[in-house]
$ cat data.txt   # compact mmCIF, C-alpha atoms (C1' of nucleotides)
# COMPACT_ATOMS: atom_id res chain seq x y z
CA MET A 1 -10.10 17.82 11.97
CA THR A 2 -13.32 16.41 13.23
CA ALA A 3 -11.78 13.48 15.00
CA THR A 4 -12.99 12.86 18.49
CA THR A 5 -10.54 13.66 21.22
CA PRO A 6 -8.44 10.52 21.59
CA THR A 7 -8.92 8.37 24.62
CA PRO A 8 -6.05 9.09 26.99
CA PRO A 9 -4.14 6.04 28.10
CA PRO A 10 -4.24 4.97 31.75
CA ALA A 11 -1.83 6.97 33.84
CA THR A 12 0.20 3.87 34.57
CA ASP A 13 1.03 3.54 30.89
CA ALA A 14 2.37 7.03 30.48
CA ALA A 15 5.94 7.59 31.44
CA PRO A 16 6.28 11.00 33.10
CA SER A 17 8.82 12.37 30.65
CA ALA A 18 9.15 9.90 27.84
CA PRO A 19 11.76 10.57 25.17
CA ALA A 20 10.64 11.36 21.64
CA ALA A 21 9.83 8.33 19.56
CA ASP A 22 12.69 6.84 17.61
CA ALA A 23 13.37 3.60 15.81
CA ALA A 24 15.08 1.82 18.66
CA THR A 25 12.25 2.43 21.12
CA LEU A 26 9.41 1.64 18.74
CA HIS A 27 10.24 -1.72 17.16
CA THR A 28 9.99 -3.90 20.24
CA PRO A 29 6.71 -2.63 21.69
CA VAL A 30 4.97 -2.39 18.33
CA ASN A 31 6.05 -5.84 17.22
CA ALA A 32 5.15 -7.31 20.60
CA TRP A 33 1.74 -5.68 20.42
CA PHE A 34 1.27 -7.21 16.97
CA ALA A 35 2.20 -10.65 18.21
CA ALA A 36 -0.53 -10.38 20.82
CA HIS A 37 -3.26 -8.59 18.87
CA ALA A 38 -2.92 -9.29 15.15
CA ARG A 39 -6.13 -10.34 13.48
CA ASP A 40 -6.31 -13.84 12.10
CA LEU A 41 -6.85 -12.86 8.47
CA PRO A 42 -6.86 -15.57 5.80
CA TRP A 43 -4.10 -13.96 3.74
CA ARG A 44 -1.84 -14.03 6.79
CA ARG A 45 -2.05 -17.79 7.12
CA PRO A 46 0.78 -19.85 5.68
CA GLU A 47 -1.55 -21.63 3.25
CA ALA A 48 -2.37 -18.32 1.55
CA GLY A 49 1.03 -18.24 -0.09
CA PRO A 50 2.33 -15.36 -2.22
CA TRP A 51 -0.62 -15.55 -4.61
CA GLY A 52 -3.08 -15.25 -1.75
CA VAL A 53 -1.16 -12.26 -0.46
CA MET A 54 -1.20 -10.64 -3.87
CA VAL A 55 -4.92 -11.21 -4.39
CA SER A 56 -5.63 -9.73 -0.98
CA GLU A 57 -3.49 -6.68 -1.66
CA PHE A 58 -5.33 -5.91 -4.89
CA MET A 59 -8.68 -6.30 -3.19
CA LEU A 60 -7.67 -4.23 -0.19
CA GLN A 61 -6.68 -1.21 -2.25
CA GLN A 62 -9.17 1.36 -0.97
CA THR A 63 -11.55 -1.34 0.24
CA PRO A 64 -12.21 -2.38 3.87
CA VAL A 65 -11.20 -5.80 5.15
CA SER A 66 -14.76 -6.80 6.04
CA ARG A 67 -15.90 -6.47 2.45
CA VAL A 68 -12.86 -8.23 1.03
CA LEU A 69 -13.07 -11.36 3.19
CA PRO A 70 -15.90 -13.24 1.42
CA VAL A 71 -14.72 -12.35 -2.09
CA TYR A 72 -11.16 -13.32 -1.26
CA GLU A 73 -12.29 -16.76 -0.15
CA GLN A 74 -14.24 -17.27 -3.37
CA TRP A 75 -11.35 -16.19 -5.54
CA LEU A 76 -8.75 -18.37 -3.89
CA LYS A 77 -11.02 -21.37 -4.04
CA ARG A 78 -11.81 -20.80 -7.70
CA TRP A 79 -8.35 -19.66 -8.78
CA PRO A 80 -5.79 -21.17 -6.39
CA ARG A 81 -2.87 -20.28 -8.67
CA PRO A 82 -2.16 -17.37 -11.04
CA ALA A 83 -2.39 -19.69 -14.04
CA ASP A 84 -5.91 -20.67 -13.06
CA LEU A 85 -7.06 -17.09 -13.27
CA ALA A 86 -5.06 -16.39 -16.41
CA ALA A 87 -6.80 -19.31 -18.13
CA GLU A 88 -10.17 -17.59 -17.91
CA PRO A 89 -11.46 -14.51 -19.73
CA PRO A 90 -10.87 -11.19 -17.97
CA GLY A 91 -14.63 -10.70 -17.85
CA GLU A 92 -14.84 -13.57 -15.38
CA ALA A 93 -12.52 -11.70 -13.06
CA VAL A 94 -14.71 -8.62 -13.37
CA ARG A 95 -17.81 -10.65 -12.64
CA ALA A 96 -16.27 -12.38 -9.62
CA TRP A 97 -15.08 -9.02 -8.33
CA GLY A 98 -18.68 -8.38 -7.36
CA ARG A 99 -19.28 -5.08 -5.62
CA LEU A 100 -15.79 -4.50 -4.26
CA GLY A 101 -15.54 -1.33 -6.31
CA TYR A 102 -12.88 0.00 -8.66
CA PRO A 103 -13.36 -2.95 -11.05
CA ARG A 104 -10.28 -2.00 -13.06
CA ARG A 105 -8.44 -3.72 -10.23
CA ALA A 106 -10.03 -7.01 -11.32
CA LEU A 107 -8.83 -6.45 -14.86
CA ARG A 108 -5.34 -5.60 -13.66
CA LEU A 109 -5.19 -8.58 -11.35
CA HIS A 110 -6.12 -10.78 -14.26
CA ALA A 111 -3.43 -9.13 -16.35
CA ALA A 112 -0.93 -9.59 -13.53
CA ALA A 113 -1.83 -13.28 -13.32
CA THR A 114 -1.24 -13.58 -17.05
CA ALA A 115 2.13 -11.86 -16.80
CA ILE A 116 3.12 -14.07 -13.87
CA THR A 117 2.15 -17.15 -15.86
CA GLU A 118 4.00 -16.07 -18.97
CA ARG A 119 7.05 -14.34 -17.56
CA HIS A 120 7.58 -15.89 -14.15
CA GLY A 121 6.70 -19.54 -14.61
CA GLY A 122 3.46 -19.12 -12.71
CA GLU A 123 5.17 -18.02 -9.49
CA VAL A 124 4.56 -14.63 -7.93
CA PRO A 125 7.93 -12.84 -8.09
CA ASP A 126 9.72 -12.19 -4.82
CA ASP A 127 11.64 -9.24 -6.17
CA HIS A 128 10.37 -5.69 -5.66
CA ALA A 129 11.29 -4.50 -9.16
CA ALA A 130 9.67 -7.50 -10.83
CA LEU A 131 6.55 -7.00 -8.77
CA LEU A 132 6.45 -3.30 -9.61
CA ALA A 133 6.49 -4.16 -13.31
CA LEU A 134 3.21 -6.07 -13.01
CA PRO A 135 -0.08 -4.44 -14.00
CA GLY A 136 -1.87 -2.83 -11.07
CA VAL A 137 1.16 -3.11 -8.79
CA GLY A 138 2.47 0.20 -7.50
CA GLU A 139 5.06 1.08 -4.90
CA TYR A 140 2.88 0.06 -1.99
CA THR A 141 1.70 -3.28 -3.36
CA ALA A 142 5.17 -4.30 -4.52
CA ALA A 143 6.58 -3.63 -1.06
CA ALA A 144 3.65 -5.33 0.65
CA VAL A 145 3.89 -8.54 -1.37
CA ALA A 146 7.68 -8.72 -1.05
CA SER A 147 7.42 -8.11 2.68
CA PHE A 148 4.34 -10.12 3.67
CA ALA A 149 4.74 -13.03 1.28
CA TYR A 150 8.51 -13.33 1.20
CA GLY A 151 9.70 -11.65 4.38
CA ARG A 152 11.75 -9.08 2.50
CA ARG A 153 12.86 -5.80 4.02
CA HIS A 154 10.87 -2.94 2.52
CA ALA A 155 9.24 0.22 3.77
CA VAL A 156 5.54 -0.47 3.39
CA LEU A 157 3.76 2.87 3.26
CA ASP A 158 0.02 2.57 3.18
CA THR A 159 -2.55 4.92 4.64
CA ASN A 160 -2.34 3.21 8.03
CA VAL A 161 1.42 3.37 8.33
CA ARG A 162 1.48 6.95 7.09
CA ARG A 163 -0.98 7.97 9.78
CA VAL A 164 0.88 6.12 12.53
CA LEU A 165 4.21 7.70 11.58
CA ALA A 166 2.62 11.13 11.22
CA ARG A 167 1.34 10.92 14.75
CA VAL A 168 3.93 8.94 16.65
CA VAL A 169 7.03 10.41 15.05
CA THR A 170 6.13 13.65 13.30
CA GLY A 171 3.57 14.78 15.84
CA VAL A 172 0.74 15.73 13.51
CA GLN A 173 -2.76 14.35 13.28
CA TYR A 174 -2.76 13.38 9.62
CA PRO A 175 -0.15 12.80 6.92
CA PRO A 176 -0.12 14.95 3.77
CA ASN A 177 -2.62 14.24 1.02
CA ALA A 178 -0.08 12.60 -1.23
CA THR A 179 2.91 10.59 -0.03
CA THR A 180 5.99 12.79 0.17
CA ALA A 181 9.69 12.10 -0.15
CA ALA A 182 10.05 13.04 3.49
CA GLU A 183 7.62 10.31 4.48
CA ARG A 184 9.55 7.77 2.45
CA ARG A 185 12.81 8.82 4.04
CA LEU A 186 11.26 8.56 7.49
CA ALA A 187 9.81 5.11 6.81
CA GLN A 188 13.14 3.97 5.44
CA ARG A 189 15.02 5.33 8.44
CA LEU A 190 12.69 3.57 10.85
CA LEU A 191 12.95 0.22 9.08
CA PRO A 192 14.59 -2.40 11.33
CA ASP A 193 17.93 -3.67 10.04
CA ASP A 194 17.04 -7.30 10.43
CA GLU A 195 14.96 -8.61 7.54
CA ALA A 196 12.50 -10.67 9.54
CA THR A 197 12.04 -7.91 12.08
CA ALA A 198 11.46 -5.42 9.28
CA ALA A 199 8.78 -7.59 7.71
CA ARG A 200 7.08 -7.94 11.07
CA TRP A 201 7.34 -4.21 11.68
CA ALA A 202 5.64 -3.49 8.35
CA ALA A 203 2.66 -5.66 9.22
CA ALA A 204 2.60 -4.43 12.81
CA THR A 205 2.52 -0.72 11.98
CA MET A 206 -0.24 -1.31 9.47
CA GLU A 207 -2.26 -3.25 12.00
CA LEU A 208 -1.70 -0.62 14.65
CA GLY A 209 -3.12 2.01 12.32
CA ALA A 210 -6.04 -0.19 11.37
CA LEU A 211 -7.05 -1.20 14.90
CA VAL A 212 -5.80 1.42 17.35
CA CYS A 213 -4.41 4.56 15.73
CA THR A 214 -7.48 4.99 13.54
CA ALA A 215 -8.30 8.07 11.53
CA ARG A 216 -11.22 9.39 13.51
CA THR A 217 -10.98 8.08 17.05
CA PRO A 218 -7.61 6.68 18.01
CA ASP A 219 -7.66 4.57 21.14
CA CYS A 220 -4.44 5.66 22.81
CA GLY A 221 -5.29 3.54 25.84
CA ARG A 222 -4.51 0.47 23.78
CA CYS A 223 -1.47 1.85 22.00
CA PRO A 224 1.87 0.27 22.86
CA VAL A 225 3.77 3.49 22.12
CA ALA A 226 1.35 6.08 23.45
CA ALA A 227 3.88 7.19 26.04
CA ARG A 228 6.26 8.22 23.26
CA CYS A 229 3.75 9.46 20.72
CA ALA A 230 4.78 12.90 19.51
CA TRP A 231 1.23 13.90 18.63
CA ARG A 232 -0.04 12.93 22.05
CA LEU A 233 2.88 14.57 23.84
CA ALA A 234 2.12 17.75 21.93
CA GLY A 235 -1.45 17.73 23.20
CA PHE A 236 -3.19 16.33 20.13
CA PRO A 237 -2.95 19.46 17.97
CA ALA A 238 -5.67 19.47 15.30
CA HIS A 239 -4.85 19.06 11.64
CA ASP A 240 -4.24 22.48 10.12
CA GLY A 241 -3.62 22.07 6.39
CA PRO A 242 -6.32 22.17 3.73
CA PRO A 243 -9.15 19.67 4.22
CA ARG A 244 -8.91 16.47 2.19
CA ARG A 245 -11.13 16.83 -0.82
CA GLY A 246 -14.32 14.94 -0.38
CA GLN A 247 -15.16 12.06 -2.64
CA THR A 248 -18.60 13.03 -3.84
CA TYR A 249 -20.24 10.16 -5.61
CA ALA A 250 -23.95 10.63 -6.17
CA GLY A 251 -24.63 11.69 -9.72
CA THR A 252 -21.06 11.26 -10.93
CA ASP A 253 -19.85 9.25 -13.89
CA ARG A 254 -18.47 6.76 -11.42
CA GLN A 255 -21.91 6.01 -10.10
CA VAL A 256 -23.27 5.57 -13.61
CA ARG A 257 -20.36 3.33 -14.58
CA GLY A 258 -21.02 1.27 -11.50
CA MET A 259 -24.68 0.84 -12.32
CA LEU A 260 -24.01 -0.07 -15.94
CA LEU A 261 -21.34 -2.59 -15.03
CA ALA A 262 -23.63 -4.13 -12.42
CA VAL A 263 -26.09 -4.93 -15.20
CA LEU A 264 -23.34 -6.71 -17.12
CA ARG A 265 -22.06 -8.58 -14.06
CA GLU A 266 -25.43 -9.88 -13.09
CA ALA A 267 -26.39 -11.01 -16.58
CA THR A 268 -25.26 -14.43 -17.73
CA GLY A 269 -24.59 -13.37 -21.30
CA PRO A 270 -24.57 -10.28 -23.53
CA VAL A 271 -26.74 -7.35 -22.60
CA THR A 272 -28.71 -4.99 -24.80
CA GLN A 273 -28.48 -1.24 -24.87
CA GLU A 274 -32.08 -1.18 -23.71
CA GLN A 275 -31.26 -3.06 -20.52
CA MET A 276 -28.56 -0.57 -19.66
CA ASP A 277 -30.67 2.43 -20.59
CA ALA A 278 -33.08 1.34 -17.89
CA VAL A 279 -30.67 2.08 -15.03
CA TRP A 280 -29.84 5.70 -15.88
CA ASP A 281 -32.09 8.04 -17.76
CA GLU A 282 -29.72 10.88 -18.63
CA PRO A 283 -28.52 9.88 -22.12
CA VAL A 284 -25.41 12.03 -22.46
CA GLN A 285 -23.87 10.94 -19.19
CA ARG A 286 -24.94 7.37 -19.76
CA ALA A 287 -23.24 7.27 -23.14
CA ARG A 288 -20.10 8.86 -21.72
CA ALA A 289 -19.98 6.30 -18.92
CA LEU A 290 -20.42 3.39 -21.30
CA ASP A 291 -17.73 4.74 -23.61
CA GLY A 292 -15.43 4.97 -20.65
CA LEU A 293 -16.09 1.40 -19.64
CA VAL A 294 -15.34 0.22 -23.16
CA ALA A 295 -12.20 2.34 -23.33
CA ASP A 296 -11.05 0.80 -20.04
CA GLY A 297 -11.62 -2.71 -21.34
CA LEU A 298 -14.27 -3.45 -18.75
CA VAL A 299 -17.00 -3.79 -21.37
CA GLU A 300 -16.77 -5.26 -24.84
CA PRO A 301 -19.08 -4.25 -27.71
CA VAL A 302 -20.46 -7.35 -29.41
CA ALA A 303 -22.68 -5.83 -32.05
CA GLN A 304 -24.67 -2.67 -32.55
CA GLY A 305 -26.38 -2.07 -29.21
CA VAL A 306 -25.10 -5.27 -27.59
CA TYR A 307 -22.39 -5.51 -24.93
CA ARG A 308 -20.72 -8.09 -22.70
CA LEU A 309 -17.94 -8.47 -20.16
CA PRO A 310 -14.58 -8.82 -21.95
CA LEU A 311 -13.52 -12.21 -23.34
CA GLU A 312 -10.04 -10.94 -24.01
C1' DT B 1 0.54 17.17 -9.49
C1' DA B 2 -4.11 16.44 -9.51
C1' DA B 3 -8.03 14.06 -11.23
C1' DT B 4 -10.17 9.81 -11.89
C1' DC B 5 -11.76 5.44 -10.60
C1' DG B 6 -16.80 2.07 -6.82
C1' DT B 7 -19.05 0.84 -2.95
C1' DG B 8 -20.83 0.71 1.56
C1' DG B 9 -20.37 1.56 6.48
C1' DT B 10 -19.95 4.89 10.25
C1' DC B 11 -20.89 8.80 13.26
C1' DT C 1 -27.49 12.99 7.42
C1' DG C 2 -24.04 14.01 4.65
C1' DA C 3 -19.16 14.00 5.04
C1' DC C 4 -15.56 11.09 5.87
C1' DC C 5 -13.11 6.92 5.40
C1' DA C 6 -11.28 2.29 3.58
C1' DA C 7 -3.94 -2.29 2.82
C1' DG C 8 -3.74 2.66 -4.15
C1' DA C 9 -2.72 2.79 -9.16
C1' DT C 10 -2.70 5.19 -13.26
C1' DT C 11 -2.51 8.95 -16.41
$ encode --input "data.txt" --output "structure tokens"
Amino acid sequence: MTATTPTPPPATDAAPSAPAADAATLHTPVNAWFAAHARDLPWRRPEAGPWGVMVSEFMLQQTPVSRVLPVYEQWLKRWPRPADLAAEPPGEAVRAWGRLGYPRRALRLHAAATAITERHGGEVPDDHAALLALPGVGEYTAAAVASFAYGRRHAVLDTNVRRVLARVVTGVQYPPNATTAAERRLAQRLLPDDEATAARWAAATMELGALVCTARTPDCGRCPVAARCAWRLAGFPAHDGPPRRGQTYAGTDRQVRGMLLAVLREATGPVTQEQMDAVWDEPVQRARALDGLVADGLVEPVAQGVYRLPLE
DNA sequence: TAATCGTGGTC
DNA sequence: TGACCAAGATT
């Protein structure tokens, strides 16, 4: 709703009366744009392999690329295969997660590595259903790994793709709050028939959303399908539905959990209650946050008033 | 379905 | 300057 008015594309790029966007007219320009403008991200290089792709997908859940890059490099160097990670205590994954946020992802990635080692011979599965069965892998991540790592044909619906489709095809500024069946049908309908083209399309639409068709200030002048964008052709109508609920953070349990876990991460061994009490002075909320961390398996009680990152 | 779950950068 | 946003999953 507060997005800046998009930059109009140069007149030469806009066909006078372009037809509405459809699958046939979108694949070629979007994939060509991707070929020319894709970022050189480490998990896109051949040497990353399926495990590198999976690690990146876990880290990128709700976390910007710029913050993932250094941690990704450390992880892949330290744990080049799933079995390497599975061989260490889950607490080491939590510690190495650093400040990426949502540390349960570290725990789930460790659990996924364990499952891959035990059930899949140490190889990241290439099958969507097998991927979906892994801890921390939902519909998006399963499709992303199958598509990016193995070239499979899947609709990959992340926040970028949802926004691109909402604008280019549906003609609205933003997609709904939660992914709808209609969005899935649309993504499925737009998926190229050819497997390799579909995999490229998945990465290309994501990249287009990340670099050009951004949430706040889309740069239509650089968009390969601006001439056929339904939202643009409609005159950039503003989002009407209810505003997305804000993610307030200051003073919440999440903030307290984060501060408590930071104490554990930065310590080399077990930590005393006293050390944790020092970072938050409201005792009820502090206790609730710590209980939550223990319940989630992110913190392990060692003895009365002593805690550590989980060894199992 | 809606709430919960971190952290930091941007405008 | 505070609200919004960032390759979601789980319950």
$ atom_distance --input "data.txt" --atom1 "CA of Ala295 (chain A)" --atom2 "C1' of DG8 (chain B)"
26.4 Å
$ closest_residue --input "data.txt" --among "A:Ala166, A:Met54, A:Cys220, A:Ala303" --to "chain C" --atoms "only C-alpha atoms (C1' of nucleotides)"
A:Met54
$ interface_residues --input "data.txt" --of "chain A" --to "chain C" --cutoff "10 Å" --atoms "only C-alpha atoms (C1' of nucleotides)" --output "ChimeraX atom specification"
/A:2,56-65,67,104-105,108,135-141,144,156-161,203,206-207,210,215-216,244-248
$ write_last_selection --input "data.txt" --atoms "C-alpha atoms" --output "CSV table (one decimal), keeping the file's coordinate frame"
chain,number,residue,atom,x,y,z
A,2,THR,CA,-13.3,16.4,13.2
A,56,SER,CA,-5.6,-9.7,-1.0
A,57,GLU,CA,-3.5,-6.7,-1.7
A,58,PHE,CA,-5.3,-5.9,-4.9
A,59,MET,CA,-8.7,-6.3,-3.2
A,60,LEU,CA,-7.7,-4.2,-0.2
A,61,GLN,CA,-6.7,-1.2,-2.2
A,62,GLN,CA,-9.2,1.4,-1.0
A,63,THR,CA,-11.6,-1.3,0.2
A,64,PRO,CA,-12.2,-2.4,3.9
A,65,VAL,CA,-11.2,-5.8,5.2
A,67,ARG,CA,-15.9,-6.5,2.4
A,104,ARG,CA,-10.3,-2.0,-13.1
A,105,ARG,CA,-8.4,-3.7,-10.2
A,108,ARG,CA,-5.3,-5.6,-13.7
A,135,PRO,CA,-0.1,-4.4,-14.0
A,136,GLY,CA,-1.9,-2.8,-11.1
A,137,VAL,CA,1.2,-3.1,-8.8
A,138,GLY,CA,2.5,0.2,-7.5
A,139,GLU,CA,5.1,1.1,-4.9
A,140,TYR,CA,2.9,0.1,-2.0
A,141,THR,CA,1.7,-3.3,-3.4
A,144,ALA,CA,3.6,-5.3,0.6
A,156,VAL,CA,5.5,-0.5,3.4
A,157,LEU,CA,3.8,2.9,3.3
A,158,ASP,CA,0.0,2.6,3.2
A,159,THR,CA,-2.6,4.9,4.6
A,160,ASN,CA,-2.3,3.2,8.0
A,161,VAL,CA,1.4,3.4,8.3
A,203,ALA,CA,2.7,-5.7,9.2
A,206,MET,CA,-0.2,-1.3,9.5
A,207,GLU,CA,-2.3,-3.2,12.0
A,210,ALA,CA,-6.0,-0.2,11.4
A,215,ALA,CA,-8.3,8.1,11.5
A,216,ARG,CA,-11.2,9.4,13.5
A,244,ARG,CA,-8.9,16.5,2.2
A,245,ARG,CA,-11.1,16.8,-0.8
A,246,GLY,CA,-14.3,14.9,-0.4
A,247,GLN,CA,-15.2,12.1,-2.6
A,248,THR,CA,-18.6,13.0,-3.8
$ closest_residue --input "data.txt" --among "A:Leu293, A:Ala178, A:Val263, A:Ala149" --to "DA2 (chain B)" --atoms "all atoms listed in the file"
A:Ala178
$ interface_residues --input "data.txt" --of "chain A" --to "chain B" --cutoff "9 Å" --atoms "all atoms listed in the file" --output "list in words"
Thr63, Arg67, Arg99, Leu100, Gly101, Tyr102, Pro103, Arg104, Tyr249, Arg254, Gln255, Arg257 and Gly258 of chain A
$ residues_around --input "data.txt" --residues "region 31-45 of chain A" --least-positions-apart "2" --cutoff "8 Å" --atoms "all atoms listed in the file" --output "PyMOL selection string"
chain A and resi 27-29+47-49+52-53+56+69+148+200-201+204+207-208+224
$ atom_distance --input "data.txt" --atom1 "CA of Val71 (chain A)" --atom2 "CA of Leu311 (chain A)"
21.3 Å
$ atom_distance --input "data.txt" --atom1 "CA of Val164 (chain A)" --atom2 "CA of Trp51 (chain A)"
27.7 Å
$ decode --input "data.txt" --residues "region 73-149 of chain A" --atoms "C-alpha atoms" --output "PDB file, in the first residue's frame"
ATOM      1  CA  GLU A  73      30.124 -20.710   3.321  1.00  0.00           C
ATOM      2  CA  GLN A  74      31.086 -21.688   6.867  1.00  0.00           C
ATOM      3  CA  TRP A  75      28.564 -24.485   6.999  1.00  0.00           C
ATOM      4  CA  LEU A  76      29.500 -26.059   3.699  1.00  0.00           C
ATOM      5  CA  LYS A  77      33.161 -25.924   4.563  1.00  0.00           C
ATOM      6  CA  ARG A  78      32.590 -27.488   7.964  1.00  0.00           C
ATOM      7  CA  TRP A  79      29.886 -29.946   6.939  1.00  0.00           C
ATOM      8  CA  PRO A  80      30.331 -30.741   3.233  1.00  0.00           C
ATOM      9  CA  ARG A  81      27.955 -33.714   3.395  1.00  0.00           C
ATOM     10  CA  PRO A  82      24.791 -34.455   5.391  1.00  0.00           C
ATOM     11  CA  ALA A  83      26.596 -37.171   7.346  1.00  0.00           C
ATOM     12  CA  ASP A  84      29.176 -34.661   8.524  1.00  0.00           C
ATOM     13  CA  LEU A  85      26.508 -32.547  10.137  1.00  0.00           C
ATOM     14  CA  ALA A  86      24.615 -35.538  11.478  1.00  0.00           C
ATOM     15  CA  ALA A  87      27.784 -36.710  13.238  1.00  0.00           C
ATOM     16  CA  GLU A  88      27.824 -33.652  15.475  1.00  0.00           C
ATOM     17  CA  PRO A  89      25.480 -32.673  18.304  1.00  0.00           C
ATOM     18  CA  PRO A  90      22.476 -30.558  17.294  1.00  0.00           C
ATOM     19  CA  GLY A  91      23.773 -27.823  19.580  1.00  0.00           C
ATOM     20  CA  GLU A  92      26.691 -27.323  17.216  1.00  0.00           C
ATOM     21  CA  ALA A  93      24.254 -26.591  14.420  1.00  0.00           C
ATOM     22  CA  VAL A  94      22.489 -24.068  16.641  1.00  0.00           C
ATOM     23  CA  ARG A  95      25.782 -22.438  17.525  1.00  0.00           C
ATOM     24  CA  ALA A  96      26.960 -22.260  13.922  1.00  0.00           C
ATOM     25  CA  TRP A  97      23.605 -20.814  12.914  1.00  0.00           C
ATOM     26  CA  GLY A  98      24.786 -17.583  14.493  1.00  0.00           C
ATOM     27  CA  ARG A  99      22.349 -14.712  14.214  1.00  0.00           C
ATOM     28  CA  LEU A 100      20.407 -15.885  11.175  1.00  0.00           C
ATOM     29  CA  GLY A 101      17.260 -16.012  13.267  1.00  0.00           C
ATOM     30  CA  TYR A 102      14.597 -18.680  13.737  1.00  0.00           C
ATOM     31  CA  PRO A 103      17.139 -21.112  15.238  1.00  0.00           C
ATOM     32  CA  ARG A 104      14.672 -23.993  15.113  1.00  0.00           C
ATOM     33  CA  ARG A 105      15.680 -24.123  11.471  1.00  0.00           C
ATOM     34  CA  ALA A 106      19.177 -25.155  12.568  1.00  0.00           C
ATOM     35  CA  LEU A 107      17.734 -27.936  14.670  1.00  0.00           C
ATOM     36  CA  ARG A 108      15.533 -29.100  11.820  1.00  0.00           C
ATOM     37  CA  LEU A 109      18.364 -28.987   9.321  1.00  0.00           C
ATOM     38  CA  HIS A 110      20.397 -31.141  11.654  1.00  0.00           C
ATOM     39  CA  ALA A 111      17.471 -33.526  11.980  1.00  0.00           C
ATOM     40  CA  ALA A 112      17.068 -33.565   8.205  1.00  0.00           C
ATOM     41  CA  ALA A 113      20.757 -34.394   7.809  1.00  0.00           C
ATOM     42  CA  THR A 114      20.323 -37.255  10.248  1.00  0.00           C
ATOM     43  CA  ALA A 115      17.302 -38.579   8.376  1.00  0.00           C
ATOM     44  CA  ILE A 116      19.144 -38.303   5.064  1.00  0.00           C
ATOM     45  CA  THR A 117      22.074 -40.213   6.519  1.00  0.00           C
ATOM     46  CA  GLU A 118      19.915 -42.934   8.013  1.00  0.00           C
ATOM     47  CA  ARG A 119      17.166 -43.308   5.452  1.00  0.00           C
ATOM     48  CA  HIS A 120      18.694 -42.150   2.182  1.00  0.00           C
ATOM     49  CA  GLY A 121      22.258 -43.393   2.297  1.00  0.00           C
ATOM     50  CA  GLY A 122      23.585 -39.901   2.896  1.00  0.00           C
ATOM     51  CA  GLU A 123      22.213 -38.522  -0.374  1.00  0.00           C
ATOM     52  CA  VAL A 124      19.677 -35.722  -0.484  1.00  0.00           C
ATOM     53  CA  PRO A 125      16.548 -37.272  -2.028  1.00  0.00           C
ATOM     54  CA  ASP A 126      15.535 -36.107  -5.485  1.00  0.00           C
ATOM     55  CA  ASP A 127      11.899 -36.975  -4.995  1.00  0.00           C
ATOM     56  CA  HIS A 128       9.404 -34.335  -3.864  1.00  0.00           C
ATOM     57  CA  ALA A 129       7.527 -36.651  -1.487  1.00  0.00           C
ATOM     58  CA  ALA A 130      10.717 -37.905   0.143  1.00  0.00           C
ATOM     59  CA  LEU A 131      11.937 -34.356   0.564  1.00  0.00           C
ATOM     60  CA  LEU A 132       8.620 -33.275   2.049  1.00  0.00           C
ATOM     61  CA  ALA A 133       8.927 -35.988   4.678  1.00  0.00           C
ATOM     62  CA  LEU A 134      12.141 -34.468   6.028  1.00  0.00           C
ATOM     63  CA  PRO A 135      12.078 -32.257   9.129  1.00  0.00           C
ATOM     64  CA  GLY A 136      11.815 -28.570   8.313  1.00  0.00           C
ATOM     65  CA  VAL A 137      10.945 -29.219   4.666  1.00  0.00           C
ATOM     66  CA  GLY A 138       7.573 -27.879   3.581  1.00  0.00           C
ATOM     67  CA  GLU A 139       5.932 -27.553   0.201  1.00  0.00           C
ATOM     68  CA  TYR A 140       8.156 -24.719  -0.922  1.00  0.00           C
ATOM     69  CA  THR A 141      11.491 -26.214   0.140  1.00  0.00           C
ATOM     70  CA  ALA A 142      10.674 -29.641  -1.294  1.00  0.00           C
ATOM     71  CA  ALA A 143       9.841 -28.096  -4.656  1.00  0.00           C
ATOM     72  CA  ALA A 144      12.875 -25.816  -4.544  1.00  0.00           C
ATOM     73  CA  VAL A 145      15.369 -28.594  -3.824  1.00  0.00           C
ATOM     74  CA  ALA A 146      13.843 -30.938  -6.402  1.00  0.00           C
ATOM     75  CA  SER A 147      13.858 -28.158  -8.974  1.00  0.00           C
ATOM     76  CA  PHE A 148      17.148 -26.364  -8.297  1.00  0.00           C
ATOM     77  CA  ALA A 149      19.250 -29.351  -7.318  1.00  0.00           C
TER      78      ALA A 149
END
